[in-house]
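**Q** Just coords_9.txt, nothing more (compact mmCIF, C-alpha atoms):
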# COMPACT_ATOMS: atom_id res chain seq x y z
CA MET U 1 -12.08 -3.84 12.08
CA GLU U 2 -12.50 -7.52 12.93
CA SER U 3 -9.97 -9.50 14.92
CA LEU U 4 -6.99 -10.85 13.01
CA LYS U 5 -8.30 -14.27 14.02
CA GLU U 6 -10.90 -13.70 11.31
CA LEU U 7 -8.12 -13.02 8.77
CA TYR U 8 -5.78 -15.91 9.56
CA ARG U 9 -7.80 -19.11 9.38
CA VAL U 10 -6.93 -22.78 8.92
CA GLY U 11 -9.06 -24.69 6.46
CA PRO U 12 -9.21 -26.92 3.40
CA GLY U 13 -7.91 -25.70 0.05
CA PRO U 14 -7.85 -24.85 -2.69
CA SER U 15 -9.89 -21.65 -2.27
CA SER U 16 -10.96 -19.73 0.81
CA THR U 17 -14.11 -18.49 -0.92
CA HIS U 18 -14.93 -21.71 -2.77
CA THR U 19 -14.03 -24.33 -0.16
CA LEU U 20 -13.39 -22.85 3.31
CA GLY U 21 -16.16 -20.23 3.06
CA VAL U 22 -18.53 -22.76 1.51
CA GLN U 23 -17.70 -25.28 4.23
CA ARG U 24 -18.50 -22.72 6.92
CA ALA U 25 -21.75 -21.76 5.17
CA CYS U 26 -22.85 -25.37 4.84
CA ARG U 27 -22.09 -26.10 8.49
CA TYR U 28 -23.95 -22.96 9.54
CA TYR U 29 -27.04 -23.90 7.55
CA LYS U 30 -26.95 -27.57 8.53
CA GLU U 31 -26.73 -26.68 12.22
CA ARG U 32 -29.60 -24.22 11.82
CA TYR U 33 -31.82 -26.90 10.25
CA ARG U 34 -30.36 -30.04 11.80
CA GLN U 35 -33.80 -31.69 12.00
CA TYR U 36 -33.75 -32.01 8.19
CA VAL U 37 -31.97 -34.72 6.22
CA ASP U 38 -31.99 -33.57 2.60
CA PHE U 39 -30.83 -30.28 1.12
CA ILE U 40 -30.34 -28.33 -2.10
CA VAL U 41 -27.47 -25.89 -2.58
CA GLU U 42 -27.51 -23.46 -5.51
CA LEU U 43 -24.23 -21.84 -6.54
CA TYR U 44 -24.10 -18.54 -8.42
CA GLY U 45 -21.48 -16.28 -9.96
CA SER U 46 -17.90 -17.46 -9.54
CA LEU U 47 -19.06 -20.36 -7.39
CA GLY U 48 -21.27 -21.57 -10.21
CA LEU U 49 -18.64 -21.07 -12.88
CA THR U 50 -15.56 -22.50 -11.20
CA GLY U 51 -17.01 -24.56 -8.39
CA HIS U 52 -15.94 -27.93 -9.75
CA GLY U 53 -12.31 -26.96 -10.29
CA HIS U 54 -12.25 -25.30 -6.86
CA MET U 55 -13.63 -28.50 -5.23
CA THR U 56 -16.75 -26.65 -4.08
CA ASP U 57 -19.02 -29.60 -4.84
CA ALA U 58 -16.71 -31.96 -2.93
CA ILE U 59 -16.76 -29.80 0.21
CA ILE U 60 -20.57 -29.47 0.09
CA GLN U 61 -20.95 -33.24 -0.20
CA GLN U 62 -18.51 -33.70 2.67
CA VAL U 63 -20.67 -31.58 4.98
CA PHE U 64 -24.13 -32.83 4.02
CA GLY U 65 -23.31 -36.31 2.73
CA PRO U 66 -23.33 -36.97 -1.03
CA GLU U 67 -26.62 -38.87 -0.86
CA HIS U 68 -28.39 -36.03 0.99
CA VAL U 69 -27.59 -32.97 -1.10
CA VAL U 70 -28.29 -31.80 -4.64
CA ILE U 71 -25.89 -29.18 -5.98
CA LYS U 72 -26.94 -26.86 -8.78
CA PHE U 73 -24.45 -24.72 -10.68
CA TYR U 74 -25.78 -21.51 -12.23
CA ARG U 75 -23.53 -19.66 -14.63
CA GLU U 76 -25.37 -16.35 -14.56
CA SER U 77 -24.24 -13.58 -12.28
CA TYR U 78 -25.83 -12.67 -8.97
CA LEU U 79 -25.94 -9.56 -6.83
CA GLU U 80 -22.84 -10.78 -5.00
CA ALA U 81 -19.91 -12.56 -6.64
CA ASN U 82 -19.96 -15.73 -4.50
CA THR U 83 -23.55 -16.54 -3.63
CA MET U 84 -25.08 -19.72 -2.18
CA VAL U 85 -28.80 -20.32 -1.86
CA PHE U 86 -29.75 -23.12 0.55
CA HIS U 87 -33.00 -25.06 0.80
CA THR U 88 -34.24 -27.90 2.95
CA VAL U 89 -36.13 -30.70 1.20
CA LYS U 90 -38.91 -32.73 2.79
CA ASP U 91 -41.51 -34.84 0.96
CA GLY U 92 -40.39 -33.21 -2.29
CA ALA U 93 -41.07 -29.68 -1.04
CA LEU U 94 -38.41 -26.97 -0.70
CA GLY U 95 -38.29 -24.77 2.36
CA ASN U 96 -36.21 -22.57 4.65
CA GLU U 97 -34.43 -20.66 1.92
CA MET U 98 -31.28 -18.91 3.10
CA ILE U 99 -28.82 -16.81 1.06
CA ILE U 100 -25.21 -16.83 2.21
CA PHE U 101 -22.30 -14.96 0.62
CA SER U 102 -18.70 -16.16 0.69
CA THR U 103 -16.98 -12.81 1.04
CA GLY U 104 -13.30 -13.75 0.93
CA GLY U 105 -10.69 -15.37 3.14
CA GLY U 106 -13.17 -17.95 4.39
CA ALA U 107 -15.54 -15.31 5.77
CA ILE U 108 -19.29 -15.57 5.17
CA ALA U 109 -22.24 -13.21 5.47
CA VAL U 110 -25.87 -14.25 5.82
CA LYS U 111 -28.33 -12.05 3.96
CA ASP U 112 -30.46 -9.85 6.22
CA GLN U 113 -28.59 -10.97 9.35
CA PRO U 114 -25.98 -9.18 11.49
CA PRO U 115 -22.27 -9.89 10.94
CA LEU U 116 -21.15 -13.25 12.30
CA ALA U 117 -17.94 -11.74 13.69
CA ASP U 118 -17.47 -8.66 15.85
CA PRO U 119 -16.49 -5.86 13.44
CA ASN U 120 -15.32 -3.56 16.24
CA VAL U 121 -12.24 -5.23 17.72
CA TYR U 122 -9.96 -2.57 16.23
CA PRO U 123 -11.16 1.04 16.32
CA ASP U 124 -9.45 2.08 13.07
CA ASP U 125 -9.65 0.89 9.47
CA HIS U 126 -7.19 3.43 8.02
CA MET U 127 -3.45 2.99 8.37
CA THR U 128 -3.04 6.76 8.67
CA ALA U 129 -5.09 6.72 11.88
CA ILE U 130 -3.25 3.66 13.20
CA LEU U 131 0.14 5.27 12.58
CA GLU U 132 -0.96 8.45 14.34
CA LEU U 133 -2.21 6.52 17.39
CA CYS U 134 1.02 4.51 17.51
CA HIS U 135 2.99 7.76 17.35
CA GLN U 136 1.00 9.23 20.24
CA HIS U 137 1.47 6.17 22.47
CA HIS U 138 4.99 5.24 21.28
CA TRP U 139 3.64 1.88 20.10
CA SER U 140 4.95 -0.45 17.47
CA LEU U 141 2.33 -1.70 15.02
CA SER U 142 2.36 -5.06 16.79
CA ASP U 143 1.68 -3.25 20.10
CA TYR U 144 -1.43 -1.78 18.48
CA ALA U 145 -2.63 -5.22 17.36
CA PHE U 146 -2.05 -6.91 20.72
CA ASN U 147 -3.44 -4.05 22.82
CA TYR U 148 -6.86 -4.41 21.21
CA ASP U 149 -6.93 -8.22 20.96
CA HIS U 150 -5.47 -9.69 24.13
CA SER U 151 -5.52 -13.35 23.09
CA LEU U 152 -4.09 -12.68 19.63
CA LYS U 153 -0.48 -13.50 20.46
CA THR U 154 -1.34 -17.05 21.50
CA TYR U 155 -3.51 -17.51 18.41
CA LEU U 156 -0.78 -16.28 16.06
CA SER U 157 1.71 -18.64 17.68
CA VAL U 158 -0.52 -21.49 16.54
CA ILE U 159 -0.87 -19.94 13.06
CA LEU U 160 2.91 -19.65 12.82
CA GLN U 161 3.32 -23.33 13.61
CA ARG U 162 0.65 -24.32 11.07
CA MET U 163 2.40 -22.28 8.37
CA LEU U 164 5.71 -24.01 9.06
CA GLU U 165 4.04 -27.43 9.07
CA MET U 166 2.18 -26.93 5.79
CA ILE U 167 5.38 -25.90 4.03
CA LYS U 168 7.36 -28.81 5.49
CA ASN U 169 4.59 -31.17 4.38
CA GLY U 170 4.60 -29.68 0.88
CA LEU U 171 8.36 -29.98 0.56
CA GLY U 172 8.09 -33.71 1.17
CA GLN U 173 5.53 -34.44 -1.53
CA SER U 174 5.90 -35.66 -5.11
CA GLY U 175 3.53 -36.82 -7.81
CA GLU U 176 0.77 -34.90 -9.56
CA LEU U 177 -1.71 -32.25 -8.46
CA PRO U 178 -5.39 -33.23 -8.68
CA GLY U 179 -7.48 -32.21 -11.67
CA ASP U 180 -7.35 -32.15 -15.45
CA LEU U 181 -4.24 -29.95 -15.73
CA HIS U 182 -2.00 -32.85 -14.65
CA LEU U 183 0.62 -30.54 -13.16
CA THR U 184 3.61 -32.20 -11.54
CA LYS U 185 4.45 -31.15 -7.98
CA VAL U 186 7.80 -29.39 -8.06
CA ALA U 187 8.36 -27.88 -4.59
CA LYS U 188 10.44 -30.83 -3.38
CA ARG U 189 12.73 -30.79 -6.42
CA LEU U 190 12.91 -27.01 -6.45
CA TYR U 191 14.07 -27.15 -2.84
CA GLY U 192 16.74 -29.65 -3.87
CA GLN U 193 17.94 -27.34 -6.62
CA ALA U 194 18.05 -24.44 -4.17
CA THR U 195 20.13 -26.27 -1.56
CA SER U 196 22.69 -27.27 -4.18
CA CYS U 197 22.93 -23.79 -5.71
CA ASP U 198 26.39 -22.19 -5.39
CA ASP U 199 25.25 -18.57 -5.57
CA PRO U 200 24.03 -17.51 -2.07
CA ALA U 201 21.64 -14.83 -3.36
CA GLU U 202 20.13 -17.12 -5.96
CA ARG U 203 19.88 -19.92 -3.40
CA GLN U 204 17.84 -17.73 -1.03
CA ARG U 205 15.45 -16.68 -3.77
CA LEU U 206 14.98 -20.27 -4.90
CA LEU U 207 14.34 -21.38 -1.33
CA ILE U 208 11.66 -18.71 -0.88
CA THR U 209 10.07 -19.84 -4.13
CA ALA U 210 10.18 -23.48 -3.04
CA TYR U 211 8.43 -22.56 0.22
CA ALA U 212 5.68 -20.71 -1.65
CA TYR U 213 5.25 -23.63 -4.06
CA ALA U 214 5.10 -26.10 -1.16
CA ALA U 215 2.27 -24.18 0.52
CA MET U 216 0.34 -23.75 -2.70
CA GLU U 217 0.74 -27.38 -3.75
CA GLU U 218 -0.67 -28.41 -0.38
CA ASN U 219 -3.51 -25.96 -1.05
CA ALA U 220 -4.15 -27.33 -4.54
CA CYS U 221 -4.48 -30.82 -3.05
CA GLY U 222 -7.27 -29.65 -0.75
CA HIS U 223 -5.20 -30.05 2.41
CA ASN U 224 -5.57 -27.75 5.41
CA VAL U 225 -3.60 -24.53 4.93
CA VAL U 226 -3.62 -21.00 6.35
CA THR U 227 -5.42 -18.03 4.81
CA ALA U 228 -3.07 -15.05 4.52
CA PRO U 229 -5.31 -13.39 3.55
CA THR U 230 -6.79 -16.14 1.32
CA LEU U 231 -5.99 -19.73 0.46
CA GLY U 232 -5.23 -18.80 -3.14
CA SER U 233 -2.49 -16.53 -1.81
CA CYS U 234 -1.42 -18.69 1.15
CA GLY U 235 2.12 -19.15 -0.13
CA VAL U 236 3.30 -15.55 0.08
CA VAL U 237 3.37 -14.67 3.80
CA SER U 238 4.04 -18.27 4.82
CA ALA U 239 7.06 -18.48 2.50
CA MET U 240 8.55 -15.42 4.19
CA VAL U 241 7.79 -16.85 7.63
CA MET U 242 9.64 -20.04 6.70
CA HIS U 243 12.52 -18.06 5.18
CA HIS U 244 13.08 -15.99 8.31
CA TYR U 245 12.57 -18.98 10.59
CA GLU U 246 15.18 -21.02 8.72
CA ASN U 247 17.56 -18.07 9.00
CA GLY U 248 17.28 -18.05 12.79
CA MET U 249 14.59 -15.44 13.42
CA ALA U 250 13.02 -15.81 16.89
CA ARG U 251 9.44 -17.05 17.01
CA GLU U 252 8.35 -14.04 19.05
CA ARG U 253 9.58 -11.70 16.32
CA LEU U 254 7.78 -13.78 13.70
CA VAL U 255 4.53 -13.63 15.69
CA ASN U 256 4.92 -9.85 15.86
CA GLY U 257 5.51 -9.84 12.12
CA LEU U 258 2.31 -11.80 11.51
CA ALA U 259 0.38 -9.31 13.64
CA ILE U 260 1.77 -6.39 11.65
CA ALA U 261 1.13 -8.11 8.33
CA GLY U 262 -2.40 -8.88 9.49
CA LEU U 263 -3.21 -5.24 10.17
CA PHE U 264 -2.55 -4.36 6.55
CA GLY U 265 -4.58 -7.33 5.33
CA ASP U 266 -7.40 -6.41 7.70
CA ILE U 267 -7.56 -2.87 6.32
CA VAL U 268 -7.93 -4.20 2.79
CA LYS U 269 -10.55 -6.70 3.92
CA SER U 270 -12.48 -4.01 5.80
CA ARG U 271 -12.35 -1.22 3.25
CA ALA U 272 -12.03 -3.02 -0.08
CA THR U 273 -11.97 -6.78 -0.73
CA ILE U 274 -9.63 -9.75 -0.52
CA ALA U 275 -11.80 -11.88 -2.84
CA GLY U 276 -10.60 -12.55 -6.37
CA ALA U 277 -14.20 -12.81 -7.55
CA GLN U 278 -14.76 -9.20 -6.51
CA GLY U 279 -11.42 -7.47 -7.04
CA GLY U 280 -9.34 -9.76 -9.21
CA CYS U 281 -6.08 -11.32 -8.07
CA GLN U 282 -4.78 -7.91 -7.03
CA ALA U 283 -7.13 -8.32 -4.06
CA GLU U 284 -5.57 -11.66 -3.11
CA ILE U 285 -1.95 -11.64 -4.27
CA GLY U 286 -1.67 -7.86 -4.01
CA THR U 287 -2.85 -7.96 -0.40
CA ALA U 288 -0.63 -10.94 0.43
CA CYS U 289 2.36 -9.15 -1.10
CA ALA U 290 1.59 -6.03 0.95
CA MET U 291 1.31 -8.11 4.11
CA ALA U 292 4.59 -9.92 3.48
CA SER U 293 6.28 -6.63 2.56
CA ALA U 294 5.21 -5.13 5.89
CA MET U 295 6.45 -8.15 7.81
CA ASN U 296 9.79 -8.10 5.99
CA ALA U 297 10.19 -4.39 6.70
CA TYR U 298 9.50 -4.95 10.39
CA LEU U 299 12.06 -7.76 10.54
CA LEU U 300 14.58 -5.40 8.91
CA GLY U 301 14.03 -3.10 11.89
CA LEU U 302 12.24 -0.33 9.98
CA SER U 303 9.97 2.27 11.55
CA ASN U 304 6.18 2.09 11.47
CA LYS U 305 6.16 4.68 8.71
CA LEU U 306 8.58 2.71 6.53
CA ILE U 307 6.73 -0.53 7.22
CA SER U 308 3.62 1.14 5.81
CA TYR U 309 5.66 2.33 2.83
CA ALA U 310 6.79 -1.24 2.13
CA ALA U 311 3.20 -2.49 2.25
CA GLU U 312 2.11 0.27 -0.13
CA ILE U 313 4.83 -0.74 -2.60
CA GLY U 314 3.76 -4.37 -2.36
CA MET U 315 0.18 -3.50 -3.25
CA GLU U 316 0.83 -0.72 -5.76
CA HIS U 317 2.78 -2.89 -8.16
CA ASN U 318 0.14 -5.60 -8.24
CA LEU U 319 -2.65 -3.19 -9.27
CA GLY U 320 -4.77 -4.52 -12.12
CA LEU U 321 -3.76 -8.14 -11.59
CA THR U 322 -6.52 -10.35 -12.98
CA CYS U 323 -7.93 -13.56 -11.54
CA ASP U 324 -8.19 -16.03 -14.41
CA PRO U 325 -7.52 -19.55 -13.06
CA VAL U 326 -7.17 -22.07 -15.86
CA GLY U 327 -9.92 -24.66 -15.68
CA GLY U 328 -11.08 -23.17 -12.38
CA TYR U 329 -8.14 -24.81 -10.62
CA VAL U 330 -5.99 -22.83 -8.17
CA GLN U 331 -2.86 -23.89 -10.04
CA ILE U 332 -2.17 -21.86 -13.21
CA PRO U 333 -1.19 -19.03 -12.74
CA CYS U 334 -1.79 -19.12 -8.99
CA ILE U 335 1.12 -21.22 -7.74
CA GLU U 336 3.83 -19.43 -9.69
CA ARG U 337 2.26 -16.10 -8.84
CA ASN U 338 2.66 -16.81 -5.11
CA GLY U 339 6.38 -17.41 -5.55
CA LEU U 340 6.89 -14.20 -7.47
CA ALA U 341 4.86 -12.18 -4.96
CA ALA U 342 6.98 -13.50 -2.10
CA LEU U 343 10.14 -12.38 -3.90
CA ARG U 344 8.54 -9.03 -4.66
CA SER U 345 7.82 -8.56 -0.96
CA VAL U 346 11.54 -8.83 -0.25
CA ASP U 347 12.24 -6.14 -2.82
CA ALA U 348 9.48 -3.91 -1.47
CA ALA U 349 11.00 -3.94 2.01
CA ILE U 350 14.45 -3.11 0.62
CA TYR U 351 12.97 -0.28 -1.44
CA ALA U 352 11.25 1.15 1.63
CA LYS U 353 14.45 0.88 3.66
CA HIS U 354 16.50 2.88 1.18
CA LEU U 355 14.07 5.05 -0.79
CA GLY U 356 12.33 6.01 2.44
CA THR U 357 15.46 7.82 3.62
CA LEU U 358 15.66 9.87 0.42
CA ARG U 359 12.16 11.34 0.25
CA ASP U 360 8.69 10.94 1.69
CA ASN U 361 6.39 8.56 -0.10
CA ARG U 362 3.58 10.51 -1.74
CA VAL U 363 1.18 7.55 -1.96
CA SER U 364 -0.13 6.29 1.36
CA PHE U 365 -1.29 2.74 2.02
CA ASP U 366 -4.85 4.03 2.43
CA MET U 367 -4.67 5.64 -1.00
CA ILE U 368 -3.50 2.41 -2.61
CA VAL U 369 -6.29 0.42 -0.94
CA ASP U 370 -8.85 2.83 -2.39
CA THR U 371 -7.16 2.58 -5.78
CA MET U 372 -7.17 -1.21 -5.67
CA SER U 373 -10.87 -1.22 -4.80
CA TYR U 374 -11.66 1.11 -7.70
CA THR U 375 -9.49 -0.86 -10.11
CA GLY U 376 -11.15 -4.11 -9.07
CA SER U 377 -14.59 -2.70 -9.77
CA LYS U 378 -13.46 -1.85 -13.31
CA LEU U 379 -12.11 -5.31 -14.13
CA ALA U 380 -14.26 -7.25 -16.55
CA ARG U 381 -16.30 -10.06 -15.02
CA GLU U 382 -14.34 -12.48 -17.20
CA LEU U 383 -11.20 -11.55 -15.25
CA ARG U 384 -12.61 -12.00 -11.76
CA GLU U 385 -12.36 -15.72 -10.96
CA THR U 386 -14.92 -16.84 -13.50
CA SER U 387 -12.45 -18.62 -15.81
CA LEU U 388 -14.21 -16.96 -18.75
CA GLY U 389 -11.25 -14.86 -19.93
CA GLY U 390 -7.54 -14.24 -19.72
CA LEU U 391 -5.33 -17.31 -19.33
CA ALA U 392 -8.40 -19.46 -18.76
CA LYS U 393 -9.60 -18.52 -22.26
CA VAL U 394 -6.23 -19.11 -23.90
CA LEU U 395 -5.78 -22.48 -22.20
CA PRO U 396 -9.26 -23.98 -21.76
CA VAL U 397 -9.36 -27.24 -19.83
CA GLY U 398 -12.40 -29.46 -19.47
CA ASP U 399 -15.58 -28.50 -17.69
CA GLN U 400 -15.05 -25.39 -15.59
CA GLY U 401 -18.24 -25.36 -13.60
CA GLY U 402 -21.18 -27.72 -13.58
CA GLN U 403 -24.25 -28.48 -15.60
CA ASP U 404 -25.96 -25.36 -16.87
CA GLU U 405 -29.32 -24.67 -15.31
CA ASP U 406 -31.93 -22.65 -17.21
Do you think you could lay out the structure here as structure tokens?

**A**
Amino acid sequence: MESLKELYRVGPGPSSTHTLGVQRACRYYKERYRQYVDFIVELYGSLGLTGHGHMTDAIIQQVFGPEHVVIKFYRESYLEANTMVFHTVKDGALGNEMIIFSTGGGAIAVKDQPPLADPNVYPDDHMTAILELCHQHHWSLSDYAFNYDHSLKTYLSVILQRMLEMIKNGLGQSGELPGDLHLTKVAKRLYGQATSCDDPAERQRLLITAYAYAAMEENACGHNVVTAPTLGSCGVVSAMVMHHYENGMARERLVNGLAIAGLFGDIVKSRATIAGAQGGCQAEIGTACAMASAMNAYLLGLSNKLISYAAEIGMEHNLGLTCDPVGGYVQIPCIERNGLAALRSVDAAIYAKHLGTLRDNRVSFDMIVDTMSYTGSKLARELRETSLGGLAKVLPVGDQGGQDED
């Protein structure tokens, strides 16, 4: 599997596939053909259908310059869900065609070229094998992560700080989110309600929700946030990081927790998908919930086996979750969904702690990853980040893509 540095990234919201991945693709192509001035970018599949709401056109113009790029939105499907076709333009003639896929979490793949990242940092892509190796060497799951990626601890320390900063920034904001939905930012006021709540249990749950909202509202505004594993699910793990940090958890323990969470996200990324356009929101929120569940279980002091059980619970009960962003914006149902997934990750860890002492779990994390991948392949195209069905159909808002091209 790839390094966890390829899973946790910092970049502009609101979507890791539609903004961060597109930004990386545009920079890659522009650097490759830096002697050219003018360009055409064609967007297919989910990029073509929801690119405007996801600020894809804005990020492309930012890289190339609005006066030097023509963006074409195509609503028809393509071989891959998030496909970009780049061309240089000189004297009216197109040249140097390159096809780049935005594969999820800000990652990109160039057609007919080797992977851009080393896929062999970790020798295993099954949790069963990782658990067995940890058992043999008496390792924790974080030991496994750090033993194969020696600079990871320093990197995750930076990621931890960025997560805390993005939530603190979000908690200080008011006003309206960008776009035609005209949603009011509520994280700041929700935090105020939480701090004045008399019931300690309810207060903690409201605080976690406020943290998730803060991260996602920053994401919806196009600010720099952290993929975990995607930008559309950036509020889940980060909310739990903030929760534990505010309750006095040591930074070193939190860094270990991020490493453990990352292993579970990396397995999903390697063997299935973390892209909503390919697997539905179960691939994004389900994976984020599994990651946060694993981190919570570790911070409860559970064994490697029970940590894996918690992650399996977090994923299993998000199976079938559709990706149907209203208007193509990462707002409805995305923001609320992050808050609920963070709370579910708390429950998953508690379940693993107690149910795991009563009987062995019959469903492994590897099994649930395979199930999620299969389920995602069966979801209708309308329910995979195209805004053609589900909530996006019930609550249509404005133009969801760009001008149709025949």

**Q** Residues of segment 39-145 of chain U that approach segment 170-193 of chain U to 12 Å or less, counting all atoms listed in the file: could you list each one with the shortest pair of atoms and its distance in Å to one decimal, rows by chain and increasing residue number, as JSON lines?

**A**
{"residue": "U:His52", "atom": "CA", "partner": "U:Gly179", "partner_atom": "CA", "distance": 9.7}
{"residue": "U:Gly53", "atom": "CA", "partner": "U:Gly179", "partner_atom": "CA", "distance": 7.3}
{"residue": "U:His54", "atom": "CA", "partner": "U:Gly179", "partner_atom": "CA", "distance": 9.7}
{"residue": "U:Met55", "atom": "CA", "partner": "U:Gly179", "partner_atom": "CA", "distance": 9.6}

**Q** So that I can check the surroundings of Cys26 of chain U, please list as number ranges by chain every protein, DNA and RNA residue that reaches within 9 Å of it, counting only C-alpha atoms and ignoring chain neighbours fewer than 6 positions away.

**A** U: 41, 59-60, 63-64, 86

**Q** Of the candidates U:Ile208, U:Cys334, U:Ala294, U:Ala392, which one gets nearest to Ile350 of chain U if we count only C-alpha atoms?

**A**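 Under the stated criterion, the closest residue is U:Ala294.
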
**Q** Here is a test: counting all atoms listed in the file, which residue of U:Leu379, U:Cys197, U:Val346, U:Leu164 is nearest to Leu319 of chain U?

**A**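 Closest to Leu319 of chain U of all the choices is U:Leu379.
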
**Q** Using only C-alpha atoms, determine which residues lie at most 7 Å from segment 220-236 of chain U, disregarding the query and same-chain residues fewer than 4 positions distant; provide the list as a PyMOL selection string.

**A** chain U and resi 7-16+104-105+163+166+177-178+212-213+215-216+240+265+274+284-285+288-289+292+330-331+334+338-339+341-342

**Q** List every protein, DNA or RNA residue that has an atom no more than 12 Å from (-9.3, 0.0, -11.2) in the file's coordinate frame, counting all atoms listed in the file, and report them as a list in words.

**A**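 The distance filter leaves exactly Ala272, Gln278, Gly279, Gly280, Gln282, Ala283, Glu316, Asn318, Leu319, Gly320, Leu321, Thr322, Ile368, Val369, Asp370, Thr371, Met372, Ser373, Tyr374, Thr375, Gly376, Ser377, Lys378, Leu379 and Ala380 of chain U.
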
**Q** Work out how far atom CA of Thr287 of chain U is from atom CA of His150 of chain U, in Å to one decimal.

**A**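 Atom CA of His150 of chain U sits 24.7 Å away from atom CA of Thr287 of chain U.
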
**Q** Taking (-3.0, -0.9, 6.0) in the file's coordinates, which residues come within 7 Å, counting only C-alpha atoms, written as an mmCIF file with C-alpha atoms, keeping the file's coordinate frame?

**A**
data_model
loop_
_atom_site.group_PDB
_atom_site.id
_atom_site.type_symbol
_atom_site.label_atom_id
_atom_site.label_comp_id
_atom_site.auth_asym_id
_atom_site.auth_seq_id
_atom_site.Cartn_x
_atom_site.Cartn_y
_atom_site.Cartn_z
ATOM 1 C CA HIS U 126 -7.190 3.430 8.020
ATOM 2 C CA MET U 127 -3.450 2.990 8.370
ATOM 3 C CA LEU U 263 -3.210 -5.240 10.170
ATOM 4 C CA PHE U 264 -2.550 -4.360 6.550
ATOM 5 C CA GLY U 265 -4.580 -7.330 5.330
ATOM 6 C CA ILE U 267 -7.560 -2.870 6.320
ATOM 7 C CA VAL U 268 -7.930 -4.200 2.790
ATOM 8 C CA SER U 308 3.620 1.140 5.810
ATOM 9 C CA PHE U 365 -1.290 2.740 2.020
ATOM 10 C CA ASP U 366 -4.850 4.030 2.430
#

**Q** To one decimal in Å, tell me the separation between atom CA of Ala145 of chain U and atom CA of Leu160 of chain U.

**A**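 Between these atoms lies a distance of 16.1 Å.
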
**Q** Between U:Gly262, U:Gly106, U:Gly51, U:Gly390, which has the minimum distance to Ile332 of chain U (counting all atoms listed in the file)?

**A**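 Looking only at the distances to Ile332 of chain U, the closest residue turns out to be U:Gly390.
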
**Q** Looking at U:Leu343, U:Cys323, U:Ala117, U:Met315, which one is nearest to Tyr211 of chain U, with distances taken over all atoms listed in the file?

**A**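 The closest residue to Tyr211 of chain U is U:Leu343.
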
**Q** To one decimal place, how far is atom CA of Ala210 of chain U from atom CA of Ala194 of chain U in Å?

**A** 8.0 Å

**Q** My list of candidates is U:Ala214, U:Lys269, U:Arg251, U:Asp149. Which is closest to Asn169 of chain U when distances are computed with all atoms listed in the file?

**A**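 Smallest separation from Asn169 of chain U among the options: U:Ala214.
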
**Q** Which residue out of U:Leu20, U:Val85, U:Val326, U:Leu94 has the minimum interatomic distance to Glu385 of chain U when all atoms listed in the file are used?

**A** U:Val326

**Q** Calculate, to one decimal in Å, the centre and edge lengths of the box along x, y and z of the file that holds all listed atoms of segment 297-307 of chain U with 3 Å of margin on each side, and present them as lines of an AutoDock Vina configuration file.

**A**
center_x = 10.4
center_y = -1.5
center_z = 9.2
size_x = 14.4
size_y = 18.4
size_z = 11.4

**Q** I'd like the contact shell of Val394 of chain U - 12 Å cut-off, all atoms listed in the file, skipping same-chain residues fewer than 3 positions apart - returned as an mmCIF file with C-alpha atoms, keeping the file's coordinate frame.

**A**
data_model
loop_
_atom_site.group_PDB
_atom_site.id
_atom_site.type_symbol
_atom_site.label_atom_id
_atom_site.label_comp_id
_atom_site.auth_asym_id
_atom_site.auth_seq_id
_atom_site.Cartn_x
_atom_site.Cartn_y
_atom_site.Cartn_z
ATOM 1 C CA ASP U 324 -8.190 -16.030 -14.410
ATOM 2 C CA PRO U 325 -7.520 -19.550 -13.060
ATOM 3 C CA VAL U 326 -7.170 -22.070 -15.860
ATOM 4 C CA GLY U 327 -9.920 -24.660 -15.680
ATOM 5 C CA ILE U 332 -2.170 -21.860 -13.210
ATOM 6 C CA SER U 387 -12.450 -18.620 -15.810
ATOM 7 C CA LEU U 388 -14.210 -16.960 -18.750
ATOM 8 C CA GLY U 389 -11.250 -14.860 -19.930
ATOM 9 C CA GLY U 390 -7.540 -14.240 -19.720
ATOM 10 C CA LEU U 391 -5.330 -17.310 -19.330
ATOM 11 C CA VAL U 397 -9.360 -27.240 -19.830
#
